[in-house]
Structures are given as structure tokens and as C-alpha cells.
$ cat start.tsv   # TSV, C-alpha atoms
chain	number	residue	atom	x	y	z
A	27	MET	CA	108.52	13.98	40.32
A	28	THR	CA	106.96	17.18	38.99
A	29	LEU	CA	106.35	15.47	35.65
A	30	PHE	CA	104.51	12.60	37.37
A	31	ARG	CA	102.44	15.08	39.35
A	32	LEU	CA	101.50	17.00	36.19
A	33	LEU	CA	100.61	13.81	34.34
A	34	HIS	CA	98.51	12.62	37.27
A	35	VAL	CA	96.60	15.91	37.48
A	36	LEU	CA	95.94	15.75	33.73
A	37	ALA	CA	94.74	12.16	34.08
A	38	LEU	CA	92.45	13.17	36.94
A	39	LEU	CA	91.00	15.92	34.79
A	40	TRP	CA	90.53	13.43	31.96
A	41	MET	CA	88.68	11.05	34.29
A	42	THR	CA	86.53	13.87	35.69
A	43	VAL	CA	85.60	15.01	32.19
A	44	GLY	CA	84.71	11.39	31.43
A	45	ILE	CA	82.45	11.17	34.46
A	46	GLY	CA	80.69	14.37	33.44
A	47	ALA	CA	80.41	13.22	29.83
A	48	VAL	CA	78.65	10.05	30.97
A	49	VAL	CA	76.59	11.18	33.95
A	50	VAL	CA	75.14	14.40	32.51
A	51	PRO	CA	73.57	12.69	29.46
A	52	ILE	CA	72.20	9.99	31.76
A	53	TRP	CA	70.54	12.62	33.97
A	54	ARG	CA	69.18	14.40	30.90
A	55	ALA	CA	67.86	11.14	29.44
A	56	TRP	CA	65.89	10.45	32.61
A	57	THR	CA	64.21	13.86	32.44
A	58	ALA	CA	63.55	13.83	28.68
A	59	LYS	CA	59.97	13.20	27.62
A	60	GLU	CA	60.51	12.09	24.01
A	61	LEU	CA	61.74	8.58	23.33
A	62	GLU	CA	64.05	9.69	20.49
A	63	ILE	CA	65.82	12.15	22.80
A	64	LYS	CA	66.28	9.40	25.41
A	65	VAL	CA	67.83	7.11	22.80
A	66	ILE	CA	70.25	9.81	21.61
A	67	LEU	CA	71.32	10.76	25.14
A	68	LEU	CA	71.75	7.16	26.29
A	69	SER	CA	73.81	6.36	23.18
A	70	GLU	CA	75.94	9.43	23.81
A	71	ALA	CA	76.50	8.41	27.43
A	72	GLN	CA	77.55	4.90	26.47
A	73	GLN	CA	79.95	6.18	23.80
A	74	ASN	CA	81.45	8.67	26.25
A	75	GLU	CA	82.00	5.89	28.75
A	76	ALA	CA	84.21	4.04	26.28
A	77	ARG	CA	85.88	7.16	24.85
A	78	TRP	CA	86.51	9.26	27.94
A	79	LEU	CA	85.72	7.60	31.26
A	80	ILE	CA	87.46	4.23	31.00
A	81	PRO	CA	90.69	5.60	29.43
A	82	GLY	CA	90.71	8.39	32.03
A	83	VAL	CA	90.40	5.87	34.85
A	84	ILE	CA	93.22	3.76	33.42
A	85	ALA	CA	95.44	6.82	33.00
A	86	THR	CA	94.67	7.91	36.57
A	87	VAL	CA	95.67	4.54	37.98
A	88	PHE	CA	98.99	4.39	36.17
A	89	THR	CA	99.98	8.01	36.68
A	90	GLY	CA	98.97	7.88	40.34
A	91	PHE	CA	101.07	4.80	40.91
A	92	GLY	CA	103.98	6.43	39.06
A	93	TRP	CA	103.69	9.60	41.11
A	94	ALA	CA	103.56	7.66	44.40
A	95	ALA	CA	106.56	5.56	43.36
A	96	ALA	CA	108.55	8.65	42.31
A	97	ALA	CA	107.70	10.42	45.59
A	98	ASP	CA	108.56	7.25	47.56
A	99	VAL	CA	105.16	7.21	49.28
A	100	ASN	CA	104.03	4.00	50.98
A	101	LEU	CA	100.76	2.98	49.31
A	102	VAL	CA	99.51	1.00	52.31
A	103	LEU	CA	100.78	2.79	55.41
A	104	THR	CA	99.84	6.32	54.36
A	105	GLY	CA	96.32	6.69	55.80
A	106	TRP	CA	94.85	9.34	53.49
A	107	LEU	CA	96.25	7.57	50.42
A	108	LEU	CA	94.87	4.22	51.55
A	109	ALA	CA	91.43	5.83	52.01
A	110	LYS	CA	91.69	7.26	48.48
A	111	GLU	CA	92.69	3.87	47.11
A	112	LEU	CA	89.72	2.17	48.76
A	113	ILE	CA	87.23	4.75	47.48
A	114	PHE	CA	88.80	4.60	44.02
A	115	ALA	CA	88.57	0.80	44.10
A	116	LEU	CA	84.86	1.10	44.91
A	117	ASP	CA	84.48	3.45	41.96
A	118	VAL	CA	86.38	1.21	39.55
A	119	PHE	CA	85.12	-2.21	40.63
A	120	ILE	CA	81.56	-1.46	41.82
A	121	PHE	CA	80.11	1.89	40.72
A	122	ILE	CA	81.44	2.16	37.14
A	123	PRO	CA	80.54	-1.44	36.16
A	124	LEU	CA	77.05	-1.23	37.68
A	125	MET	CA	76.45	2.12	36.00
A	126	GLY	CA	77.72	0.70	32.70
A	127	VAL	CA	75.58	-2.43	32.86
A	128	GLY	CA	72.48	-0.42	33.75
A	129	LEU	CA	73.24	2.07	30.99
A	130	ARG	CA	73.63	-0.66	28.37
A	131	ARG	CA	70.39	-2.31	29.48
A	132	VAL	CA	68.37	0.91	29.33
A	133	ARG	CA	69.92	1.91	26.00
A	134	LEU	CA	69.09	-1.47	24.44
A	135	LEU	CA	65.52	-1.30	25.71
A	136	ALA	CA	65.22	2.29	24.46
A	137	LEU	CA	66.42	1.26	21.01
A	138	GLN	CA	63.90	-1.59	20.98
A	139	ALA	CA	61.14	0.78	22.07
A	140	GLN	CA	62.17	3.25	19.35
A	141	LYS	CA	61.62	0.52	16.74
A	142	THR	CA	58.09	-0.04	18.00
A	143	GLY	CA	57.50	3.71	18.18
A	144	ALA	CA	56.25	3.79	21.77
A	145	MET	CA	57.39	3.32	25.36
A	146	THR	CA	57.46	-0.37	26.27
A	147	PRO	CA	56.76	-1.76	29.74
A	148	GLU	CA	60.30	-3.18	29.88
A	149	LEU	CA	61.82	0.23	29.19
A	150	GLN	CA	59.57	1.88	31.74
A	151	SER	CA	60.60	-0.72	34.32
A	152	ALA	CA	64.29	-0.12	33.56
A	153	LEU	CA	63.80	3.64	33.81
A	154	ASP	CA	62.04	3.19	37.15
A	155	ASP	CA	65.01	1.19	38.46
A	156	ASN	CA	67.31	4.26	38.10
A	157	VAL	CA	70.45	2.09	38.19
A	158	PRO	CA	72.63	4.29	35.94
A	159	VAL	CA	71.38	7.46	37.62
A	160	VAL	CA	72.09	6.20	41.14
A	161	PHE	CA	75.54	4.78	40.47
A	162	GLY	CA	76.51	7.66	38.19
A	163	THR	CA	75.54	10.13	40.90
A	164	VAL	CA	77.44	8.19	43.57
A	165	LEU	CA	80.45	8.15	41.25
A	166	ALA	CA	80.21	11.91	40.75
A	167	VAL	CA	79.93	12.46	44.52
A	168	THR	CA	83.08	10.48	45.26
A	169	ILE	CA	85.27	12.79	43.16
A	170	PRO	CA	85.14	15.75	45.62
A	171	VAL	CA	85.76	13.29	48.47
A	172	LEU	CA	88.86	11.98	46.71
A	173	ALA	CA	90.04	15.52	46.04
A	174	ALA	CA	89.46	16.56	49.67
A	175	LEU	CA	91.47	13.59	50.93
A	176	ALA	CA	94.38	14.54	48.68
A	177	ILE	CA	94.29	18.21	49.64
A	178	VAL	CA	93.62	18.02	53.38
A	179	ARG	CA	95.44	14.72	54.11
A	180	PRO	CA	93.62	14.28	57.43
A	181	PHE	CA	95.44	11.14	58.54
$ encode --input "start.tsv" --output "C-alpha cells"
Amino acid sequence: MTLFRLLHVLALLWMTVGIGAVVVPIWRAWTAKELEIKVILLSEAQQNEARWLIPGVIATVFTGFGWAAAADVNLVLTGWLLAKELIFALDVFIFIPLMGVGLRRVRLLALQAQKTGAMTPELQSALDDNVPVVFGTVLAVTIPVLAALAIVRPF
């Protein structure tokens, strides 16, 4: 069981690094003034999503399930674990996909604007929507909540 616990903690760290590697460049892209910097940061964020975040999430799911199975924990009747599962499901099925779709849209529009050499109205509209920023921030905020549920185990 100690091996499963170690693997799960490493997977959680991997996922957390992935969230940081995606969300921080998104935040920086929104504050950057130059179009070229925005394009570089948005491309970096999208690459980090595929390289770090998604594999970290997958590793977290499998190692968490393995740890719970090895510890003989009921995945449905344990209240704190069920709350974690629901929040994690929101992250995986709502927040990460919406952040990813918004990120791809803004990156594509930024690349198109870079070819023209100036900010386009479509890019400005996408930047005003703040979709990747909002869902990336919500995703980053859920991590301490998940950690608190695992540490405190309130119910």
C-alpha cells in the first residue's frame, strides 16, 4: 500500500506541475502587450497541456484508484473521498476541456493575427472572453480544496 501511496503522491505532483505549466503562461499571455509574446506563451501553454497536464491527470486517476483498492476504501460510501471524486470529475470533464478549447481558439486567432502583423477584432474578442483564464484559475483553485479534503477528511 505504501508503494501505491507514493505513486499517487508523485502523480498528484505531476498533475499540479501540469496545471502550473498551463495556467501560468495563460495568465502571462493575457497581461503581455506584444502580439509575438502572446503567441509564444499561448503555444507554450497548449504544448504543456498535452505534455504535462493530461498525462498527470491520467496518472492521478489510475494511481488513486490503485491506492484506494489496495487500502480497501469504499469509493462511494466514504464521504470525503466521494467529494474529492466529484470535484475531480468537474476538473476533468468540465474545467480542463473548456480551458483547452478556449486556449486552442485564442492561440489560433493569435497565430492568424501574427500573420497580419496586428491585433485583429476576432483575437481581441477572444481575449475579452477570458475563457482559458477563468477555467484555468478555477482549476488551480480546486487543487488546494482537493488537498484539504484528503488531509482533514471532514466527513
$ closest_atom_pairs --input "start.tsv" --of "range 51-134 of chain A" --to "range 140-154 of chain A" --cutoff "8 Å" --atoms "only C-alpha atoms" --output "tab-separated table"
residue	atom	partner	partner_atom	distance
A:Trp56	CA	A:Leu153	CA	7.2
A:Leu61	CA	A:Gln140	CA	6.7
A:Glu62	CA	A:Gln140	CA	6.8
A:Val65	CA	A:Gln140	CA	7.7
A:Arg131	CA	A:Ala152	CA	7.7
A:Val132	CA	A:Ala152	CA	6.0
$ atom_distance --input "start.tsv" --atom1 "CA of Phe181 in chain A" --atom2 "CA of Ile169 in chain A"
18.5 Å
$ residues_around --input "start.tsv" --residues "range 33-44 of chain A" --least-positions-apart "3" --cutoff "8 Å" --atoms "all atoms listed in the file" --output "list in words"
Leu29, Phe30, Ala47, Val48, Asn74, Glu75, Arg77, Trp78, Leu79, Ile80, Pro81, Gly82, Val83, Ala85, Thr86, Thr89, Gly90, Trp93 and Ile169 of chain A
$ atom_distance --input "start.tsv" --atom1 "CA of Leu32 in chain A" --atom2 "CA of Gly92 in chain A"
11.2 Å
$ atom_distance --input "start.tsv" --atom1 "CA of Gly162 in chain A" --atom2 "CA of Leu67 in chain A"
14.4 Å
$ closest_residue --input "start.tsv" --among "A:Ala139, A:Leu129, A:Ala96, A:Ala115" --to "Val159 in chain A" --atoms "all atoms listed in the file"
A:Leu129
$ closest_residue --input "start.tsv" --among "A:Ile120, A:Met125, A:Met27, A:Ile177" --to "Ala94 in chain A" --atoms "all atoms listed in the file"
A:Met27
$ residues_around --input "start.tsv" --residues "Val49 in chain A" --least-positions-apart "2" --cutoff "8 Å" --atoms "all atoms listed in the file" --output "NGL selection string"
:A and (45-47 or 51-53 or 71 or 159 or 162-163 or 166)
$ axis_aligned_box --input "start.tsv" --around "range 108-116 of chain A" --padding-each-side "6 Å" --output "JSON"
{"center_x": 89.9, "center_y": 4.0, "center_z": 48.0, "size_x": 22.0, "size_y": 18.5, "size_z": 20.0}
$ closest_residue --input "start.tsv" --among "A:Glu70, A:Glu111, A:Asp117, A:Asp98" --to "Arg133 in chain A" --atoms "all atoms listed in the file"
A:Glu70
$ residues_around --input "start.tsv" --residues "Gly126 in chain A" --least-positions-apart "4" --cutoff "8 Å" --atoms "only C-alpha atoms" --output "list of chain:residue names"
A:Gln72, A:Glu75, A:Ile122, A:Arg130, A:Pro158
$ closest_residue --input "start.tsv" --among "A:Leu135, A:Val164, A:Ala95, A:Leu103" --to "Phe121 in chain A" --atoms "all atoms listed in the file"
A:Val164
